[in-house]
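**Q** To start, I am sharing the structure in question, which I have written as structure tokens.
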Amino acid sequence: MAVYKEKNTNTWRVIYRQTDWTRKTKQSSKRGFTTKREALAWEREQLLKTQADLDMSFSAFVDLYTRDMKPRLRLSTWETKEHMIASKLLPYFGEKCISKINASDIIQWQNEMMSLRKKDGQAYSATYLKSLHNQINAILNHAVRFYGLASNPATKVGSMGKKEAQEMNFWTKEQFLKFSNAIKSKPLSYHAFELLYWTGIRSGELLALTPSDFCFDKGTVNINKTYQRLYRQDIVTEPKTPKSHRTVAMPDFISREIKEYLNSLYGYDSHERIFPFTKSYLHHEMTRGAKQAGVKRIRVHDLRHSHVSLLIEMGFSAVAIADRVGHESIDITYRYAHLFPATQAEMAVRLNVEREAS
């Protein structure tokens with residue numbers, strides 16, 4: 001590497017060479033350093049990354065982590081991780097030497113995260129705090145497994161927050177019917193929410209649907225992709241998990257409604273998205289419809305909870321429900337059990353009847 005001053009701009013420039021995995025050497029440079037000290041410091045960081053020397057800063061290691069992990073993750077997953085890293089990790093740990101981050105540093109960072117408040121004055125949710133800790137833990141684990149960091153201080157300290165929120169919001173069937181009736185004047189919105197509630201599919205799966213995904217002879221819809229709006233582009237990718245690939249049986253009335261709706265469209269392409277809008281449109285319509293129907297406002301994703309809760313109330317098994325909604329593990333389905341606090345009492349009553357009948 002070489003560092004020199006550019007007279008025409010009065011700034012410093014670093015010229016460096018890197019050897020890639022094919023052992024080819026490439027030369028590049030970086031301009032614009034205001035002082036020689038800044039240029040030399042940046043040069044040293046590049047050398048440390050090239051040598052995978054953990055005397056580098058946390059920020060420099062994040063560059064390595066990004067290079068290693070970004071190609072392996074879904075774009076939406078990486079975007080979420082990237083935002084947390086940039087907004088909650090780099091401001092605190094960025095200039096610290098990664099090999100010198102200790103348990104005390106992690107504790108102080110956790111305390112700061114738990115004390116932060118959003119614009120509305122509310123603290124961050126327990127699930128978000130858990131996600132933040134998972135992210136710092138993932139980066140330090142990566143350093144341990146692949147770059148020789150002696151230990152992970154985040155593991156020693158333990159997590160903050162909770163994996164799952166204590167409550168899941170949902171609508172009863174009666175509440176949804178009020179909402180559905182309130183938005184009936186907008187067929188596009190009406191059919192979108194009908195599918196979300198009565199099939200339990202995810203909003204991204206809904207927005208990726210095309211006419212070719214429906215088999216009206218069998219009354220099924222094939223879930224094989226998901227939609228996201230990222231970097232101002234419409235992106236359709238593989239579903240969230242392997243179990244998300246599934247064929248969902250629709251109630252007859254939904255199958256008829258969607259078939260009639262598609263037949264009413266003029267000149268549609270069988271491979272065009274049926275619902276050509278983004279999740280923000282669904283959020284807006286949820287707010288509008290809930291207000292008009294006089295029901296509590298829930299999240300769009302809570303319609304999925306509502307579908308699962310309805311199936312549980314109807315007596316379907318956790319295994320069958322998990323298969324229908326594409327849960328990766330049946331344990332996820334069991335988390336809905338608390339939605340029915342009266343179930344235990346009902347069990348006792350029915351056991352009494354069973355005993356008396358014998």
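If you're wondering about the labels, chains in the structure tokens are A, B, ... by order shown, residues count from 1 in each chain, ligands from 1 in order shown.
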Select from segment 131-160 of chain A everything DSSP, run on the backbone, classes as helix (DSSP H, G or I), then give the selection as a PyMOL selection string.
**A** chain A and resi 131-147+153-157
**Q** Please produce a file of those selected residues containing N, CA and C atoms, as a PDB file, in the first residue's frame.
**A**
ATOM      1  N   SER A 131     -34.048  -8.937  19.161  1.00  0.00           N
ATOM      2  CA  SER A 131     -33.460  -8.962  17.829  1.00  0.00           C
ATOM      3  C   SER A 131     -32.132  -8.215  17.796  1.00  0.00           C
ATOM      4  N   LEU A 132     -32.050  -7.091  18.519  1.00  0.00           N
ATOM      5  CA  LEU A 132     -30.793  -6.346  18.588  1.00  0.00           C
ATOM      6  C   LEU A 132     -29.690  -7.191  19.212  1.00  0.00           C
ATOM      7  N   HIS A 133     -30.024  -7.851  20.313  1.00  0.00           N
ATOM      8  CA  HIS A 133     -29.017  -8.692  20.961  1.00  0.00           C
ATOM      9  C   HIS A 133     -28.611  -9.847  20.052  1.00  0.00           C
ATOM     10  N   ASN A 134     -29.579 -10.427  19.370  1.00  0.00           N
ATOM     11  CA  ASN A 134     -29.262 -11.517  18.445  1.00  0.00           C
ATOM     12  C   ASN A 134     -28.273 -11.068  17.377  1.00  0.00           C
ATOM     13  N   GLN A 135     -28.376  -9.798  16.973  1.00  0.00           N
ATOM     14  CA  GLN A 135     -27.496  -9.305  15.914  1.00  0.00           C
ATOM     15  C   GLN A 135     -26.055  -9.135  16.384  1.00  0.00           C
ATOM     16  N   ILE A 136     -25.875  -8.522  17.554  1.00  0.00           N
ATOM     17  CA  ILE A 136     -24.496  -8.389  18.064  1.00  0.00           C
ATOM     18  C   ILE A 136     -23.924  -9.767  18.364  1.00  0.00           C
ATOM     19  N   ASN A 137     -24.778 -10.665  18.845  1.00  0.00           N
ATOM     20  CA  ASN A 137     -24.352 -12.035  19.142  1.00  0.00           C
ATOM     21  C   ASN A 137     -23.922 -12.757  17.862  1.00  0.00           C
ATOM     22  N   ALA A 138     -24.666 -12.551  16.774  1.00  0.00           N
ATOM     23  CA  ALA A 138     -24.347 -13.207  15.506  1.00  0.00           C
ATOM     24  C   ALA A 138     -23.007 -12.728  14.958  1.00  0.00           C
ATOM     25  N   ILE A 139     -22.755 -11.430  15.052  1.00  0.00           N
ATOM     26  CA  ILE A 139     -21.492 -10.878  14.533  1.00  0.00           C
ATOM     27  C   ILE A 139     -20.310 -11.403  15.333  1.00  0.00           C
ATOM     28  N   LEU A 140     -20.429 -11.400  16.663  1.00  0.00           N
ATOM     29  CA  LEU A 140     -19.324 -11.868  17.503  1.00  0.00           C
ATOM     30  C   LEU A 140     -19.139 -13.380  17.375  1.00  0.00           C
ATOM     31  N   ASN A 141     -20.231 -14.118  17.211  1.00  0.00           N
ATOM     32  CA  ASN A 141     -20.112 -15.567  16.971  1.00  0.00           C
ATOM     33  C   ASN A 141     -19.381 -15.844  15.663  1.00  0.00           C
ATOM     34  N   HIS A 142     -19.650 -15.016  14.678  1.00  0.00           N
ATOM     35  CA  HIS A 142     -18.973 -15.156  13.381  1.00  0.00           C
ATOM     36  C   HIS A 142     -17.473 -14.952  13.556  1.00  0.00           C
ATOM     37  N   ALA A 143     -17.118 -13.980  14.394  1.00  0.00           N
ATOM     38  CA  ALA A 143     -15.699 -13.715  14.651  1.00  0.00           C
ATOM     39  C   ALA A 143     -15.043 -14.887  15.383  1.00  0.00           C
ATOM     40  N   VAL A 144     -15.798 -15.530  16.287  1.00  0.00           N
ATOM     41  CA  VAL A 144     -15.267 -16.682  17.029  1.00  0.00           C
ATOM     42  C   VAL A 144     -15.083 -17.882  16.098  1.00  0.00           C
ATOM     43  N   ARG A 145     -16.092 -18.161  15.300  1.00  0.00           N
ATOM     44  CA  ARG A 145     -16.076 -19.380  14.478  1.00  0.00           C
ATOM     45  C   ARG A 145     -15.088 -19.320  13.324  1.00  0.00           C
ATOM     46  N   PHE A 146     -14.967 -18.145  12.726  1.00  0.00           N
ATOM     47  CA  PHE A 146     -14.217 -18.089  11.472  1.00  0.00           C
ATOM     48  C   PHE A 146     -12.974 -17.200  11.496  1.00  0.00           C
ATOM     49  N   TYR A 147     -12.820 -16.375  12.531  1.00  0.00           N
ATOM     50  CA  TYR A 147     -11.691 -15.441  12.530  1.00  0.00           C
ATOM     51  C   TYR A 147     -10.858 -15.474  13.807  1.00  0.00           C
ATOM     52  N   PRO A 153     -18.370 -12.203  24.150  1.00  0.00           N
ATOM     53  CA  PRO A 153     -18.848 -11.593  25.403  1.00  0.00           C
ATOM     54  C   PRO A 153     -20.362 -11.454  25.463  1.00  0.00           C
ATOM     55  N   ALA A 154     -21.028 -11.386  24.321  1.00  0.00           N
ATOM     56  CA  ALA A 154     -22.495 -11.264  24.311  1.00  0.00           C
ATOM     57  C   ALA A 154     -23.143 -12.527  24.855  1.00  0.00           C
ATOM     58  N   THR A 155     -22.514 -13.691  24.606  1.00  0.00           N
ATOM     59  CA  THR A 155     -23.029 -14.954  25.136  1.00  0.00           C
ATOM     60  C   THR A 155     -22.884 -15.000  26.646  1.00  0.00           C
ATOM     61  N   LYS A 156     -21.774 -14.494  27.144  1.00  0.00           N
ATOM     62  CA  LYS A 156     -21.544 -14.482  28.597  1.00  0.00           C
ATOM     63  C   LYS A 156     -22.586 -13.634  29.314  1.00  0.00           C
ATOM     64  N   VAL A 157     -22.916 -12.490  28.717  1.00  0.00           N
ATOM     65  CA  VAL A 157     -23.857 -11.562  29.368  1.00  0.00           C
ATOM     66  C   VAL A 157     -25.280 -12.106  29.349  1.00  0.00           C
TER      67      VAL A 157
END
**Q** Quick one: residues within 8 Å of segment 76-78 of chain A, only C-alpha atoms, excluding same-chain residues fewer than 6 positions away - as number ranges by chain?
**A** A: 70, 228, 230
**Q** Skip Lys88 of chain A itself and residues of its chain fewer than 6 positions away, then list as a VMD selection string all residues within 12 Å of it, counting only C-alpha atoms.
**A** chain A and resid 80 to 82 94 109 to 110 112 to 114 116 124 128 to 129 131 to 133 135 to 136
**Q** What would the file look like if the residues just selected were written as a PDB file, in the first residue's frame with N, CA, C and O atoms?
**A**
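Below is the file again.pdb, written as the result:
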ATOM      1  N   THR A  80     -33.001  -5.773   7.003  1.00  0.00           N
ATOM      2  CA  THR A  80     -33.338  -5.599   8.416  1.00  0.00           C
ATOM      3  C   THR A  80     -32.083  -5.627   9.291  1.00  0.00           C
ATOM      4  O   THR A  80     -31.909  -4.784  10.176  1.00  0.00           O
ATOM      5  N   LYS A  81     -31.209  -6.598   9.028  1.00  0.00           N
ATOM      6  CA  LYS A  81     -29.963  -6.700   9.794  1.00  0.00           C
ATOM      7  C   LYS A  81     -29.103  -5.453   9.583  1.00  0.00           C
ATOM      8  O   LYS A  81     -28.542  -4.899  10.535  1.00  0.00           O
ATOM      9  N   GLU A  82     -29.010  -5.020   8.343  1.00  0.00           N
ATOM     10  CA  GLU A  82     -28.171  -3.877   8.007  1.00  0.00           C
ATOM     11  C   GLU A  82     -28.629  -2.617   8.731  1.00  0.00           C
ATOM     12  O   GLU A  82     -27.814  -1.826   9.216  1.00  0.00           O
ATOM     13  N   GLY A  94     -18.608   0.873  16.894  1.00  0.00           N
ATOM     14  CA  GLY A  94     -17.890   1.058  15.643  1.00  0.00           C
ATOM     15  C   GLY A  94     -16.389   1.224  15.737  1.00  0.00           C
ATOM     16  O   GLY A  94     -15.629   0.565  15.026  1.00  0.00           O
ATOM     17  N   TRP A 109     -24.092  -1.384  26.700  1.00  0.00           N
ATOM     18  CA  TRP A 109     -24.844  -1.195  25.457  1.00  0.00           C
ATOM     19  C   TRP A 109     -26.291  -1.650  25.631  1.00  0.00           C
ATOM     20  O   TRP A 109     -27.219  -0.950  25.206  1.00  0.00           O
ATOM     21  N   GLN A 110     -26.508  -2.799  26.282  1.00  0.00           N
ATOM     22  CA  GLN A 110     -27.869  -3.271  26.534  1.00  0.00           C
ATOM     23  C   GLN A 110     -28.665  -2.250  27.344  1.00  0.00           C
ATOM     24  O   GLN A 110     -29.820  -1.955  27.037  1.00  0.00           O
ATOM     25  N   GLU A 112     -28.226   0.912  27.504  1.00  0.00           N
ATOM     26  CA  GLU A 112     -28.534   2.076  26.672  1.00  0.00           C
ATOM     27  C   GLU A 112     -29.689   1.768  25.725  1.00  0.00           C
ATOM     28  O   GLU A 112     -30.586   2.602  25.535  1.00  0.00           O
ATOM     29  N   MET A 113     -29.683   0.571  25.134  1.00  0.00           N
ATOM     30  CA  MET A 113     -30.763   0.201  24.215  1.00  0.00           C
ATOM     31  C   MET A 113     -32.108   0.150  24.953  1.00  0.00           C
ATOM     32  O   MET A 113     -33.139   0.571  24.426  1.00  0.00           O
ATOM     33  N   MET A 114     -32.091  -0.377  26.172  1.00  0.00           N
ATOM     34  CA  MET A 114     -33.341  -0.481  26.936  1.00  0.00           C
ATOM     35  C   MET A 114     -33.850   0.869  27.398  1.00  0.00           C
ATOM     36  O   MET A 114     -35.041   1.039  27.673  1.00  0.00           O
ATOM     37  N   LEU A 116     -33.518   3.678  25.523  1.00  0.00           N
ATOM     38  CA  LEU A 116     -33.887   4.484  24.361  1.00  0.00           C
ATOM     39  C   LEU A 116     -35.405   4.598  24.228  1.00  0.00           C
ATOM     40  O   LEU A 116     -36.145   3.702  24.611  1.00  0.00           O
ATOM     41  N   TYR A 124     -38.580   0.645  23.152  1.00  0.00           N
ATOM     42  CA  TYR A 124     -38.589  -0.393  22.130  1.00  0.00           C
ATOM     43  C   TYR A 124     -39.170  -1.679  22.707  1.00  0.00           C
ATOM     44  O   TYR A 124     -39.007  -1.979  23.893  1.00  0.00           O
ATOM     45  N   TYR A 128     -38.026  -6.489  19.788  1.00  0.00           N
ATOM     46  CA  TYR A 128     -37.010  -5.729  19.057  1.00  0.00           C
ATOM     47  C   TYR A 128     -35.685  -5.758  19.812  1.00  0.00           C
ATOM     48  O   TYR A 128     -34.615  -5.916  19.210  1.00  0.00           O
ATOM     49  N   LEU A 129     -35.740  -5.609  21.127  1.00  0.00           N
ATOM     50  CA  LEU A 129     -34.517  -5.676  21.936  1.00  0.00           C
ATOM     51  C   LEU A 129     -33.858  -7.049  21.794  1.00  0.00           C
ATOM     52  O   LEU A 129     -32.628  -7.158  21.720  1.00  0.00           O
ATOM     53  N   SER A 131     -34.048  -8.937  19.161  1.00  0.00           N
ATOM     54  CA  SER A 131     -33.460  -8.962  17.829  1.00  0.00           C
ATOM     55  C   SER A 131     -32.132  -8.215  17.796  1.00  0.00           C
ATOM     56  O   SER A 131     -31.182  -8.641  17.124  1.00  0.00           O
ATOM     57  N   LEU A 132     -32.050  -7.091  18.519  1.00  0.00           N
ATOM     58  CA  LEU A 132     -30.793  -6.346  18.588  1.00  0.00           C
ATOM     59  C   LEU A 132     -29.690  -7.191  19.212  1.00  0.00           C
ATOM     60  O   LEU A 132     -28.555  -7.235  18.712  1.00  0.00           O
ATOM     61  N   HIS A 133     -30.024  -7.851  20.313  1.00  0.00           N
ATOM     62  CA  HIS A 133     -29.017  -8.692  20.961  1.00  0.00           C
ATOM     63  C   HIS A 133     -28.611  -9.847  20.052  1.00  0.00           C
ATOM     64  O   HIS A 133     -27.426 -10.196  19.968  1.00  0.00           O
ATOM     65  N   GLN A 135     -28.376  -9.798  16.973  1.00  0.00           N
ATOM     66  CA  GLN A 135     -27.496  -9.305  15.914  1.00  0.00           C
ATOM     67  C   GLN A 135     -26.055  -9.135  16.384  1.00  0.00           C
ATOM     68  O   GLN A 135     -25.121  -9.559  15.710  1.00  0.00           O
ATOM     69  N   ILE A 136     -25.875  -8.522  17.554  1.00  0.00           N
ATOM     70  CA  ILE A 136     -24.496  -8.389  18.064  1.00  0.00           C
ATOM     71  C   ILE A 136     -23.924  -9.767  18.364  1.00  0.00           C
ATOM     72  O   ILE A 136     -22.746 -10.048  18.120  1.00  0.00           O
TER      73      ILE A 136
END
**Q** Considering only C-alpha atoms, return as a list in words whatever protein or nucleic-acid residues lie within 9 Å of Val62 of chain A, sequence-local ones (same chain, fewer than 4 positions apart) excluded.
**A**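 Answer for this query is Ser57, Phe58, Thr66, Arg67, Ile85, Leu90, Gly94 and Ile139 of chain A.
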**Q** Within 7 Å of Met286 of chain A, counting only C-alpha atoms, which residues qualify if same-chain residues fewer than 4 places away don't, as a PyMOL selection string?
**A** chain A and resi 282+290+300
**Q** Contacts of segment 37-44 of chain A at 7 Å or less, counting only C-alpha atoms, minus same-chain residues fewer than 4 places along, as a list in words?
**A** Val3, Trp12, Arg13, Val14, Phe33 and Leu48 of chain A
**Q** Grab the residues selected above and save them as a PDB file, in the first residue's frame with N, CA, C and O atoms.
**A**
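Resulting contents of selection_0.pdb:
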ATOM      1  N   VAL A   3       0.620   5.726   0.551  1.00  0.00           N
ATOM      2  CA  VAL A   3      -0.156   6.886   0.952  1.00  0.00           C
ATOM      3  C   VAL A   3       0.569   8.136   0.455  1.00  0.00           C
ATOM      4  O   VAL A   3       1.762   8.299   0.697  1.00  0.00           O
ATOM      5  N   TRP A  12      -5.465  13.464   0.903  1.00  0.00           N
ATOM      6  CA  TRP A  12      -4.589  12.303   0.866  1.00  0.00           C
ATOM      7  C   TRP A  12      -5.270  11.131   0.177  1.00  0.00           C
ATOM      8  O   TRP A  12      -6.492  10.962   0.237  1.00  0.00           O
ATOM      9  N   ARG A  13      -4.444  10.300  -0.471  1.00  0.00           N
ATOM     10  CA  ARG A  13      -4.938   9.155  -1.226  1.00  0.00           C
ATOM     11  C   ARG A  13      -4.187   7.895  -0.824  1.00  0.00           C
ATOM     12  O   ARG A  13      -2.976   7.946  -0.561  1.00  0.00           O
ATOM     13  N   VAL A  14      -4.932   6.782  -0.750  1.00  0.00           N
ATOM     14  CA  VAL A  14      -4.326   5.488  -0.441  1.00  0.00           C
ATOM     15  C   VAL A  14      -4.457   4.588  -1.666  1.00  0.00           C
ATOM     16  O   VAL A  14      -5.554   4.434  -2.209  1.00  0.00           O
ATOM     17  N   PHE A  33      -9.051  11.784   1.914  1.00  0.00           N
ATOM     18  CA  PHE A  33      -8.717  11.902   3.340  1.00  0.00           C
ATOM     19  C   PHE A  33      -8.161  13.297   3.605  1.00  0.00           C
ATOM     20  O   PHE A  33      -7.274  13.774   2.885  1.00  0.00           O
ATOM     21  N   LEU A  48      -5.488  -5.093   8.076  1.00  0.00           N
ATOM     22  CA  LEU A  48      -5.994  -5.994   9.109  1.00  0.00           C
ATOM     23  C   LEU A  48      -7.105  -6.885   8.559  1.00  0.00           C
ATOM     24  O   LEU A  48      -7.175  -8.081   8.871  1.00  0.00           O
TER      25      LEU A  48
END
**Q** For Leu149 of chain A, find every residue with an atom within 12 Å (counting only C-alpha atoms), except residues of its own chain fewer than 6 positions away, and show them as a ChimeraX atom specification.
**A** /A:52-56,61,97-102,139-143
**Q** Could you tell me how far atom CA of Leu310 of chain A sits from atom CA of His284 of chain A, in Å to one decimal place?
**A**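 Between atom CA of His284 of chain A and atom CA of Leu310 of chain A the gap works out to 24.4 Å.
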**Q** Considering only C-alpha atoms, can you say which of A:Leu75, A:Asp68, A:Ala150, A:His83 comes closest to Val236 of chain A?
**A**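 Nearest to Val236 of chain A: A:Leu75.
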**Q** Report as JSON lines the residues of segment 229-329 of chain A within 8 Å of segment 188-197 of chain A, each with its shortest atom pair and distance in Å (one decimal), using only C-alpha atoms, ordered by chain and increasing residue number.
**A**
{"residue": "A:Ile254", "atom": "CA", "partner": "A:Leu195", "partner_atom": "CA", "distance": 7.2}
{"residue": "A:Glu257", "atom": "CA", "partner": "A:His191", "partner_atom": "CA", "distance": 7.6}
{"residue": "A:Ile258", "atom": "CA", "partner": "A:His191", "partner_atom": "CA", "distance": 7.0}
{"residue": "A:Phe275", "atom": "CA", "partner": "A:Leu188", "partner_atom": "CA", "distance": 7.1}
{"residue": "A:Leu282", "atom": "CA", "partner": "A:Ser189", "partner_atom": "CA", "distance": 7.6}
{"residue": "A:Glu285", "atom": "CA", "partner": "A:Ser189", "partner_atom": "CA", "distance": 7.2}
{"residue": "A:Leu303", "atom": "CA", "partner": "A:Tyr197", "partner_atom": "CA", "distance": 5.4}
{"residue": "A:Arg304", "atom": "CA", "partner": "A:Tyr197", "partner_atom": "CA", "distance": 6.4}
{"residue": "A:Ser306", "atom": "CA", "partner": "A:Tyr197", "partner_atom": "CA", "distance": 6.9}
{"residue": "A:His307", "atom": "CA", "partner": "A:Tyr197", "partner_atom": "CA", "distance": 5.6}
**Q** Those same residues, written as a PDB file, in the first residue's frame with all heavy atoms?
**A**
ATOM      1  N   ILE A 254     -64.735 -18.455  -0.924  1.00  0.00           N
ATOM      2  CA  ILE A 254     -63.559 -17.664  -1.318  1.00  0.00           C
ATOM      3  C   ILE A 254     -63.143 -18.021  -2.744  1.00  0.00           C
ATOM      4  O   ILE A 254     -62.815 -17.156  -3.551  1.00  0.00           O
ATOM      5  CB  ILE A 254     -62.383 -17.903  -0.349  1.00  0.00           C
ATOM      6  CG1 ILE A 254     -62.675 -17.252   1.007  1.00  0.00           C
ATOM      7  CG2 ILE A 254     -61.074 -17.335  -0.913  1.00  0.00           C
ATOM      8  CD1 ILE A 254     -62.734 -15.743   0.967  1.00  0.00           C
ATOM      9  N   GLU A 257     -65.515 -16.302  -5.023  1.00  0.00           N
ATOM     10  CA  GLU A 257     -65.299 -14.852  -5.028  1.00  0.00           C
ATOM     11  C   GLU A 257     -64.094 -14.464  -5.882  1.00  0.00           C
ATOM     12  O   GLU A 257     -64.163 -13.534  -6.691  1.00  0.00           O
ATOM     13  CB  GLU A 257     -65.084 -14.342  -3.597  1.00  0.00           C
ATOM     14  CG  GLU A 257     -66.341 -14.247  -2.765  1.00  0.00           C
ATOM     15  CD  GLU A 257     -66.058 -13.703  -1.369  1.00  0.00           C
ATOM     16  OE1 GLU A 257     -64.878 -13.362  -1.088  1.00  0.00           O
ATOM     17  OE2 GLU A 257     -67.000 -13.600  -0.567  1.00  0.00           O
ATOM     18  N   ILE A 258     -62.981 -15.174  -5.697  1.00  0.00           N
ATOM     19  CA  ILE A 258     -61.763 -14.844  -6.437  1.00  0.00           C
ATOM     20  C   ILE A 258     -61.928 -15.149  -7.923  1.00  0.00           C
ATOM     21  O   ILE A 258     -61.492 -14.374  -8.783  1.00  0.00           O
ATOM     22  CB  ILE A 258     -60.545 -15.605  -5.860  1.00  0.00           C
ATOM     23  CG1 ILE A 258     -60.305 -15.216  -4.393  1.00  0.00           C
ATOM     24  CG2 ILE A 258     -59.291 -15.316  -6.682  1.00  0.00           C
ATOM     25  CD1 ILE A 258     -60.049 -13.739  -4.182  1.00  0.00           C
ATOM     26  N   PHE A 275     -52.807  -8.365  -6.997  1.00  0.00           N
ATOM     27  CA  PHE A 275     -52.926  -7.203  -6.109  1.00  0.00           C
ATOM     28  C   PHE A 275     -51.686  -6.318  -6.309  1.00  0.00           C
ATOM     29  O   PHE A 275     -50.683  -6.459  -5.590  1.00  0.00           O
ATOM     30  CB  PHE A 275     -53.056  -7.663  -4.656  1.00  0.00           C
ATOM     31  CG  PHE A 275     -54.217  -8.597  -4.440  1.00  0.00           C
ATOM     32  CD1 PHE A 275     -54.006  -9.963  -4.226  1.00  0.00           C
ATOM     33  CD2 PHE A 275     -55.510  -8.125  -4.459  1.00  0.00           C
ATOM     34  CE1 PHE A 275     -55.076 -10.829  -4.043  1.00  0.00           C
ATOM     35  CE2 PHE A 275     -56.593  -8.984  -4.277  1.00  0.00           C
ATOM     36  CZ  PHE A 275     -56.374 -10.337  -4.066  1.00  0.00           C
ATOM     37  N   LEU A 282     -52.088  -1.930   2.236  1.00  0.00           N
ATOM     38  CA  LEU A 282     -52.851  -2.779   3.149  1.00  0.00           C
ATOM     39  C   LEU A 282     -52.963  -2.141   4.528  1.00  0.00           C
ATOM     40  O   LEU A 282     -54.021  -2.178   5.159  1.00  0.00           O
ATOM     41  CB  LEU A 282     -52.179  -4.152   3.267  1.00  0.00           C
ATOM     42  CG  LEU A 282     -52.254  -5.073   2.048  1.00  0.00           C
ATOM     43  CD1 LEU A 282     -51.406  -6.321   2.276  1.00  0.00           C
ATOM     44  CD2 LEU A 282     -53.701  -5.464   1.748  1.00  0.00           C
ATOM     45  N   GLU A 285     -55.523   0.655   4.330  1.00  0.00           N
ATOM     46  CA  GLU A 285     -56.880   0.132   4.237  1.00  0.00           C
ATOM     47  C   GLU A 285     -57.334  -0.521   5.546  1.00  0.00           C
ATOM     48  O   GLU A 285     -58.513  -0.466   5.895  1.00  0.00           O
ATOM     49  CB  GLU A 285     -56.972  -0.880   3.091  1.00  0.00           C
ATOM     50  CG  GLU A 285     -56.935  -0.242   1.716  1.00  0.00           C
ATOM     51  CD  GLU A 285     -58.150   0.638   1.475  1.00  0.00           C
ATOM     52  OE1 GLU A 285     -59.192   0.121   1.044  1.00  0.00           O
ATOM     53  OE2 GLU A 285     -58.052   1.866   1.733  1.00  0.00           O
ATOM     54  N   LEU A 303     -54.034 -10.671  11.060  1.00  0.00           N
ATOM     55  CA  LEU A 303     -55.081 -11.451  10.388  1.00  0.00           C
ATOM     56  C   LEU A 303     -54.655 -12.910  10.294  1.00  0.00           C
ATOM     57  O   LEU A 303     -55.491 -13.822  10.327  1.00  0.00           O
ATOM     58  CB  LEU A 303     -55.363 -10.891   8.994  1.00  0.00           C
ATOM     59  CG  LEU A 303     -56.074  -9.540   8.962  1.00  0.00           C
ATOM     60  CD1 LEU A 303     -56.185  -9.034   7.534  1.00  0.00           C
ATOM     61  CD2 LEU A 303     -57.456  -9.629   9.606  1.00  0.00           C
ATOM     62  N   ARG A 304     -53.359 -13.138  10.174  1.00  0.00           N
ATOM     63  CA  ARG A 304     -52.833 -14.509  10.179  1.00  0.00           C
ATOM     64  C   ARG A 304     -53.049 -15.145  11.550  1.00  0.00           C
ATOM     65  O   ARG A 304     -53.452 -16.300  11.660  1.00  0.00           O
ATOM     66  CB  ARG A 304     -51.355 -14.461   9.817  1.00  0.00           C
ATOM     67  CG  ARG A 304     -50.661 -15.801   9.679  1.00  0.00           C
ATOM     68  CD  ARG A 304     -49.295 -15.553   9.027  1.00  0.00           C
ATOM     69  NE  ARG A 304     -48.354 -16.639   9.224  1.00  0.00           N
ATOM     70  CZ  ARG A 304     -48.300 -17.727   8.465  1.00  0.00           C
ATOM     71  NH1 ARG A 304     -49.164 -17.889   7.483  1.00  0.00           N
ATOM     72  NH2 ARG A 304     -47.388 -18.659   8.684  1.00  0.00           N
ATOM     73  N   SER A 306     -55.387 -14.270  13.509  1.00  0.00           N
ATOM     74  CA  SER A 306     -56.838 -14.443  13.604  1.00  0.00           C
ATOM     75  C   SER A 306     -57.278 -15.744  12.941  1.00  0.00           C
ATOM     76  O   SER A 306     -58.158 -16.449  13.448  1.00  0.00           O
ATOM     77  CB  SER A 306     -57.550 -13.255  12.946  1.00  0.00           C
ATOM     78  OG  SER A 306     -57.174 -12.040  13.552  1.00  0.00           O
ATOM     79  N   HIS A 307     -56.670 -16.056  11.806  1.00  0.00           N
ATOM     80  CA  HIS A 307     -57.001 -17.299  11.099  1.00  0.00           C
ATOM     81  C   HIS A 307     -56.621 -18.520  11.934  1.00  0.00           C
ATOM     82  O   HIS A 307     -57.413 -19.464  12.080  1.00  0.00           O
ATOM     83  CB  HIS A 307     -56.259 -17.338   9.753  1.00  0.00           C
ATOM     84  CG  HIS A 307     -56.568 -18.546   8.932  1.00  0.00           C
ATOM     85  ND1 HIS A 307     -57.779 -18.738   8.303  1.00  0.00           N
ATOM     86  CD2 HIS A 307     -55.829 -19.662   8.656  1.00  0.00           C
ATOM     87  CE1 HIS A 307     -57.773 -19.888   7.660  1.00  0.00           C
ATOM     88  NE2 HIS A 307     -56.602 -20.477   7.853  1.00  0.00           N
TER      89      HIS A 307
END
**Q** My list of candidates is A:Glu238, A:Gly294, A:Gly326, A:His305. Which is closest to Lys178 of chain A when distances are computed with only C-alpha atoms?
**A**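 Smallest separation from Lys178 of chain A among the options: A:Gly294.
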